[in-house]
Amino acid sequence: MHTVLSSATKTITIGHDQPFCIIGERINPTGRKKFQEQLRAGDYSAIEADVLAQVAGGATMLDVNMGAPMIDEPEALAAAVTLIQQLTDLPLCIDSSVVEALEAGLSVYQGKALVNSITAETERMDLILPLVKKYGAAIIALPNDEFEIPEEPERRLELTKVIVDYATTKYGIPIEDIVIDPLAMPIGADSTMVVRTLETIRLIKEHVGVNMTLGASNVSFGMPDRHTLNSVFLPMAMAAGLTSAIMDSRTAQIVTAVRAADLMNGNDEWGANWIAAHRARQAAAAAAE
Ligand code: THG
């Protein structure tokens with residue numbers, strides 16, 4: 001099962017037999033007061049540094065979210081997507097809970113985007129899936145609905161099947177263009193949360209076989225030494241069948257852990273990516289001296 005995404009000039013593939021897809025999380029004003037103030041003033045200059053740092057860190061795609069209080073989100077998302085496409089050729093993940101913002105972002109995007117996200121709520125699927133179809137995009141879907149964010153992995157699997165069935169039958173979305181988010185929650189809130197996420201990943205891989213992504217940094221919210229927690233969580237999730245994550249691609253500790261797991265899981269033939277990344281680090285260190 002391959003999910004193929006593109007920008008105007010670059011194509012990438014997500015799959016169980018591919019190197020892990022690293023979606024940079026950074027272009028998101030949540031928890032970033034100064035960035036929010038800049039966006040409210042129409043100043044998008046901080047985005048450039050965020051794009052460059054994530055590309056240099058090894059991102060395969062970039063998530064773009066402009067959700068913050070008192071921001072015209074459709075306008076901001078369209079402006080950000082336009083700007084980012086001038087700065088990088090990485091494909092984009094267009095992230096919003098506002099349907100009009102998703103449409104505004106899609107309308108200026110060149111290529112095949114990943115839309116983030118729908119849930120198992122019929123009303124939301126009926127608003128967003130027509131856009132996914134119209135723009136030929138792929139979609140991230142979360143297995144929760146208006147009644148619950150299920151704790152039980154079996155229930156998350158059921159809702160995954162509901163979404164896949166609905167999107168493929170009613171809207172003719174190819175199953176490989178549906179990427180399921182198995183729901184990552186803070187380990188600090190409840191120490192069984194990650195176990196449930198890992199079990200959900202295994203169940204979805206076995207019974208549905210689709211690609212999956214999740215917000216990896218959610219896991220370490222509120223805990224000290226978040227980088228270590230994130231860099232251990234990701235290889236565990238990859239072993240269970242996770243094929244992508246929206247994650248901190250600026251931190252070498254985390255990206256290196258992901259690349260090591262690609263090698264161990266048989267998704268880096270001859271260790272070519274591992275060796276190339278090591279040589280690039282050596283060259284950068286030599287240049288810095
Ligand atoms: N699933 C899907 N999409 C998502 C999420 C998900 N999109 C948004 C979010 N969750 C993933 N993105 C982030 C972005 C940043 C952080 C976590 C998740 C983060 N930021 C630091 C903080 O808030 O402490 C840094 C802020 C700063 O630099 O000041 O942790 O789950 N489909």
# chains A, B, ... in the order shown; residues from 1 in each chain; ligands from 1

call {"tool": "residues_near_ligand", "arguments": {"ligand": "ligand 1", "cutoff": "7 Å", "atoms": "only C-alpha atoms and all ligand atoms", "output": "ChimeraX atom specification"}}
result
/A:25-26,28,30-32,95,116-117,140,142,181,183-184,213-218,221,246-247

call {"tool": "residues_around", "arguments": {"residues": "Ala79 of chain A", "least_positions_apart": "4", "cutoff": "10 Å", "atoms": "only C-alpha atoms", "output": "ChimeraX atom specification"}}
result
/A:42,44,66,73-75,83-84,104-105,108

call {"tool": "write_last_selection", "arguments": {"atoms": "N, CA, C and O atoms", "output": "compact mmCIF listing (two decimals), in the first residue's frame"}}
result
# COMPACT_ATOMS: atom_id res chain seq x y z
N GLY A 42 0.27 39.91 10.24
CA GLY A 42 0.52 39.63 8.82
C GLY A 42 1.99 39.40 8.50
O GLY A 42 2.41 39.48 7.35
N TYR A 44 4.88 36.90 8.12
CA TYR A 44 5.11 35.46 7.95
C TYR A 44 6.61 35.12 7.92
O TYR A 44 6.99 34.01 7.57
N MET A 66 -2.21 26.94 10.70
CA MET A 66 -2.25 28.37 11.03
C MET A 66 -3.37 28.66 12.03
O MET A 66 -3.91 29.77 12.07
N GLU A 73 -8.03 32.29 9.45
CA GLU A 73 -7.30 31.08 9.14
C GLU A 73 -7.26 30.74 7.65
O GLU A 73 -6.21 30.35 7.14
N PRO A 74 -8.38 30.88 6.91
CA PRO A 74 -8.27 30.60 5.47
C PRO A 74 -7.23 31.49 4.79
O PRO A 74 -6.39 31.00 4.01
N GLU A 75 -7.24 32.78 5.12
CA GLU A 75 -6.28 33.70 4.50
C GLU A 75 -4.85 33.34 4.91
O GLU A 75 -3.94 33.29 4.06
N LEU A 83 3.80 30.75 0.35
CA LEU A 83 5.17 31.10 0.72
C LEU A 83 6.06 29.87 0.82
O LEU A 83 7.18 29.83 0.29
N ILE A 84 5.58 28.83 1.49
CA ILE A 84 6.40 27.64 1.73
C ILE A 84 6.77 26.95 0.43
O ILE A 84 7.88 26.43 0.27
N ALA A 104 -8.98 26.78 1.24
CA ALA A 104 -8.11 27.89 0.83
C ALA A 104 -6.69 27.39 0.60
O ALA A 104 -6.03 27.78 -0.37
N GLY A 105 -6.21 26.51 1.48
CA GLY A 105 -4.87 25.96 1.33
C GLY A 105 -4.76 25.09 0.08
O GLY A 105 -3.81 25.22 -0.70
N VAL A 108 -4.48 26.88 -3.45
CA VAL A 108 -3.21 27.47 -3.91
C VAL A 108 -2.08 26.45 -3.98
O VAL A 108 -0.95 26.78 -4.35

call {"tool": "closest_atom_pairs", "arguments": {"of": "segment 12-43 of chain A", "to": "segment 257-278 of chain A", "cutoff": "10 Å", "atoms": "only C-alpha atoms", "output": "tab-separated table"}}
result
residue	atom	partner	partner_atom	distance
A:Gly15	CA	A:Asn267	CA	9.8
A:His16	CA	A:Asn267	CA	8.2
A:Asp17	CA	A:Asn267	CA	5.8
A:Gln18	CA	A:Asn267	CA	5.6
A:Pro19	CA	A:Asn267	CA	5.4
A:Phe20	CA	A:Asp262	CA	6.6
A:Cys21	CA	A:Val258	CA	9.5
A:Ile22	CA	A:Val258	CA	8.7

call {"tool": "select_by_dssp", "arguments": {"residues": "segment 83-267 of chain A", "states": "strand (DSSP E)", "output": "list in words"}}
result
Leu92, Cys93, Ile94, Asp95, Leu114, Val115, Asn116, Ser117, Ile118, Thr119, Ala138, Ile139, Ile140, Ala141, Leu142, Ile178, Val179, Ile180, Ser244, Ala245, Ile246 and Met247 of chain A

call {"tool": "closest_atom_pairs", "arguments": {"of": "segment 98-217 of chain A", "to": "segment 228-245 of chain A", "cutoff": "10 Å", "atoms": "only C-alpha atoms", "output": "CSV"}}
result
residue,atom,partner,partner_atom,distance
A:Val179,CA,A:Ser244,CA,9.2
A:Ile180,CA,A:Leu242,CA,9.6
A:Asp181,CA,A:Ala245,CA,9.1
A:Pro182,CA,A:Leu242,CA,8.9
A:Ile187,CA,A:Leu229,CA,9.4
A:Val194,CA,A:Phe233,CA,8.2
A:Val195,CA,A:Ala237,CA,9.8
A:Thr197,CA,A:Ala237,CA,8.2
A:Leu198,CA,A:Ala237,CA,5.9
A:Glu199,CA,A:Ala240,CA,7.7
A:Thr200,CA,A:Ala240,CA,9.0
A:Ile201,CA,A:Gly241,CA,6.0
A:Arg202,CA,A:Ala240,CA,5.3
A:Leu203,CA,A:Ala240,CA,9.1
A:Ile204,CA,A:Gly241,CA,8.5
A:Lys205,CA,A:Gly241,CA,6.1
A:Glu206,CA,A:Gly241,CA,8.9
A:Gly209,CA,A:Gly241,CA,9.1
A:Val210,CA,A:Thr243,CA,9.2
A:Asn211,CA,A:Thr243,CA,5.9
A:Met212,CA,A:Leu242,CA,5.4
A:Thr213,CA,A:Ser244,CA,4.6
A:Leu214,CA,A:Ala245,CA,5.0
A:Gly215,CA,A:Ala245,CA,6.1
A:Ala216,CA,A:Ala245,CA,6.1
A:Ser217,CA,A:Asn230,CA,6.4

call {"tool": "closest_residue", "arguments": {"among": "A:Ser97, A:Gln85, A:Asn144, A:Gln54", "to": "Thr122 of chain A", "atoms": "only C-alpha atoms"}}
result
A:Asn144

call {"tool": "atom_distance", "arguments": {"atom1": "atom CA of Ile71 of chain A", "atom2": "atom CA of Arg250 of chain A"}}
result
26.0 Å

call {"tool": "closest_residue", "arguments": {"among": "A:His227, A:Lys33, A:Lys170, A:Lys112", "to": "Ile139 of chain A", "atoms": "only C-alpha atoms"}}
result
A:Lys112

call {"tool": "select_by_dssp", "arguments": {"residues": "segment 128-238 of chain A", "states": "alpha helix (DSSP H)", "output": "JSON, numbers by chain"}}
result
{"A": [128, 129, 130, 131, 132, 133, 134, 135, 153, 154, 155, 156, 157, 158, 159, 160, 161, 162, 163, 164, 165, 166, 167, 168, 169, 170, 171, 193, 194, 195, 196, 197, 198, 199, 200, 201, 202, 203, 204, 205, 206, 207, 226, 227, 228, 229, 230, 231, 232, 233, 234, 235, 236, 237, 238]}

call {"tool": "decode", "arguments": {"residues": "segment 163-174 of chain A", "atoms": "all heavy atoms", "output": "PDB file, in the first residue's frame"}}
result
ATOM      1  N   ILE A 163     -14.575   4.690   8.460  1.00  0.00           N
ATOM      2  CA  ILE A 163     -14.073   5.799   7.633  1.00  0.00           C
ATOM      3  C   ILE A 163     -13.631   5.281   6.258  1.00  0.00           C
ATOM      4  O   ILE A 163     -13.975   5.855   5.218  1.00  0.00           O
ATOM      5  CB  ILE A 163     -12.881   6.506   8.332  1.00  0.00           C
ATOM      6  CG1 ILE A 163     -13.325   7.168   9.624  1.00  0.00           C
ATOM      7  CG2 ILE A 163     -12.251   7.528   7.378  1.00  0.00           C
ATOM      8  CD1 ILE A 163     -12.159   7.562  10.547  1.00  0.00           C
ATOM      9  N   VAL A 164     -12.840   4.212   6.259  1.00  0.00           N
ATOM     10  CA  VAL A 164     -12.312   3.678   4.996  1.00  0.00           C
ATOM     11  C   VAL A 164     -13.472   3.266   4.085  1.00  0.00           C
ATOM     12  O   VAL A 164     -13.491   3.581   2.886  1.00  0.00           O
ATOM     13  CB  VAL A 164     -11.345   2.495   5.257  1.00  0.00           C
ATOM     14  CG1 VAL A 164     -11.026   1.741   3.969  1.00  0.00           C
ATOM     15  CG2 VAL A 164     -10.059   3.002   5.910  1.00  0.00           C
ATOM     16  N   ASP A 165     -14.465   2.613   4.679  1.00  0.00           N
ATOM     17  CA  ASP A 165     -15.636   2.168   3.922  1.00  0.00           C
ATOM     18  C   ASP A 165     -16.368   3.371   3.312  1.00  0.00           C
ATOM     19  O   ASP A 165     -16.693   3.388   2.132  1.00  0.00           O
ATOM     20  CB  ASP A 165     -16.553   1.405   4.885  1.00  0.00           C
ATOM     21  CG  ASP A 165     -17.505   0.511   4.137  1.00  0.00           C
ATOM     22  OD1 ASP A 165     -17.014  -0.224   3.277  1.00  0.00           O
ATOM     23  OD2 ASP A 165     -18.725   0.581   4.397  1.00  0.00           O
ATOM     24  N   TYR A 166     -16.598   4.386   4.126  1.00  0.00           N
ATOM     25  CA  TYR A 166     -17.358   5.563   3.697  1.00  0.00           C
ATOM     26  C   TYR A 166     -16.607   6.331   2.604  1.00  0.00           C
ATOM     27  O   TYR A 166     -17.173   6.696   1.572  1.00  0.00           O
ATOM     28  CB  TYR A 166     -17.602   6.460   4.911  1.00  0.00           C
ATOM     29  CG  TYR A 166     -18.687   7.494   4.729  1.00  0.00           C
ATOM     30  CD1 TYR A 166     -20.035   7.146   4.850  1.00  0.00           C
ATOM     31  CD2 TYR A 166     -18.372   8.818   4.446  1.00  0.00           C
ATOM     32  CE1 TYR A 166     -21.037   8.095   4.690  1.00  0.00           C
ATOM     33  CE2 TYR A 166     -19.355   9.778   4.289  1.00  0.00           C
ATOM     34  CZ  TYR A 166     -20.686   9.410   4.416  1.00  0.00           C
ATOM     35  OH  TYR A 166     -21.673  10.349   4.257  1.00  0.00           O
ATOM     36  N   ALA A 167     -15.325   6.572   2.826  1.00  0.00           N
ATOM     37  CA  ALA A 167     -14.544   7.391   1.877  1.00  0.00           C
ATOM     38  C   ALA A 167     -14.355   6.675   0.539  1.00  0.00           C
ATOM     39  O   ALA A 167     -14.403   7.313  -0.522  1.00  0.00           O
ATOM     40  CB  ALA A 167     -13.190   7.745   2.479  1.00  0.00           C
ATOM     41  N   THR A 168     -14.167   5.352   0.584  1.00  0.00           N
ATOM     42  CA  THR A 168     -13.943   4.629  -0.670  1.00  0.00           C
ATOM     43  C   THR A 168     -15.265   4.414  -1.423  1.00  0.00           C
ATOM     44  O   THR A 168     -15.320   4.608  -2.633  1.00  0.00           O
ATOM     45  CB  THR A 168     -13.257   3.254  -0.430  1.00  0.00           C
ATOM     46  OG1 THR A 168     -14.033   2.498   0.500  1.00  0.00           O
ATOM     47  CG2 THR A 168     -11.844   3.411   0.084  1.00  0.00           C
ATOM     48  N   THR A 169     -16.343   4.059  -0.704  1.00  0.00           N
ATOM     49  CA  THR A 169     -17.610   3.740  -1.379  1.00  0.00           C
ATOM     50  C   THR A 169     -18.357   4.998  -1.795  1.00  0.00           C
ATOM     51  O   THR A 169     -18.766   5.134  -2.941  1.00  0.00           O
ATOM     52  CB  THR A 169     -18.533   2.891  -0.469  1.00  0.00           C
ATOM     53  OG1 THR A 169     -17.754   2.178   0.453  1.00  0.00           O
ATOM     54  CG2 THR A 169     -19.350   1.932  -1.262  1.00  0.00           C
ATOM     55  N   LYS A 170     -18.547   5.926  -0.844  1.00  0.00           N
ATOM     56  CA  LYS A 170     -19.372   7.095  -1.173  1.00  0.00           C
ATOM     57  C   LYS A 170     -18.625   8.110  -2.040  1.00  0.00           C
ATOM     58  O   LYS A 170     -19.222   8.766  -2.880  1.00  0.00           O
ATOM     59  CB  LYS A 170     -19.890   7.758   0.109  1.00  0.00           C
ATOM     60  CG  LYS A 170     -20.816   8.932  -0.183  1.00  0.00           C
ATOM     61  CD  LYS A 170     -21.722   9.323   0.965  1.00  0.00           C
ATOM     62  CE  LYS A 170     -22.630  10.482   0.536  1.00  0.00           C
ATOM     63  NZ  LYS A 170     -23.218  11.166   1.686  1.00  0.00           N
ATOM     64  N   TYR A 171     -17.308   8.253  -1.819  1.00  0.00           N
ATOM     65  CA  TYR A 171     -16.586   9.310  -2.540  1.00  0.00           C
ATOM     66  C   TYR A 171     -15.539   8.786  -3.528  1.00  0.00           C
ATOM     67  O   TYR A 171     -14.889   9.579  -4.215  1.00  0.00           O
ATOM     68  CB  TYR A 171     -15.942  10.279  -1.537  1.00  0.00           C
ATOM     69  CG  TYR A 171     -16.996  11.122  -0.861  1.00  0.00           C
ATOM     70  CD1 TYR A 171     -17.469  10.793   0.403  1.00  0.00           C
ATOM     71  CD2 TYR A 171     -17.562  12.218  -1.511  1.00  0.00           C
ATOM     72  CE1 TYR A 171     -18.466  11.543   1.009  1.00  0.00           C
ATOM     73  CE2 TYR A 171     -18.562  12.972  -0.920  1.00  0.00           C
ATOM     74  CZ  TYR A 171     -19.009  12.622   0.332  1.00  0.00           C
ATOM     75  OH  TYR A 171     -20.002  13.365   0.922  1.00  0.00           O
ATOM     76  N   GLY A 172     -15.371   7.459  -3.587  1.00  0.00           N
ATOM     77  CA  GLY A 172     -14.419   6.903  -4.548  1.00  0.00           C
ATOM     78  C   GLY A 172     -12.984   7.310  -4.285  1.00  0.00           C
ATOM     79  O   GLY A 172     -12.161   7.385  -5.199  1.00  0.00           O
ATOM     80  N   ILE A 173     -12.657   7.582  -3.001  1.00  0.00           N
ATOM     81  CA  ILE A 173     -11.266   7.894  -2.647  1.00  0.00           C
ATOM     82  C   ILE A 173     -10.500   6.557  -2.639  1.00  0.00           C
ATOM     83  O   ILE A 173     -10.934   5.607  -1.997  1.00  0.00           O
ATOM     84  CB  ILE A 173     -11.167   8.535  -1.242  1.00  0.00           C
ATOM     85  CG1 ILE A 173     -12.138   9.719  -1.092  1.00  0.00           C
ATOM     86  CG2 ILE A 173      -9.724   8.890  -0.888  1.00  0.00           C
ATOM     87  CD1 ILE A 173     -11.711  11.019  -1.662  1.00  0.00           C
ATOM     88  N   PRO A 174      -9.361   6.456  -3.342  1.00  0.00           N
ATOM     89  CA  PRO A 174      -8.588   5.206  -3.304  1.00  0.00           C
ATOM     90  C   PRO A 174      -8.110   4.914  -1.884  1.00  0.00           C
ATOM     91  O   PRO A 174      -7.704   5.844  -1.172  1.00  0.00           O
ATOM     92  CB  PRO A 174      -7.390   5.497  -4.223  1.00  0.00           C
ATOM     93  CG  PRO A 174      -7.750   6.724  -4.998  1.00  0.00           C
ATOM     94  CD  PRO A 174      -8.723   7.495  -4.177  1.00  0.00           C
TER      95      PRO A 174
END
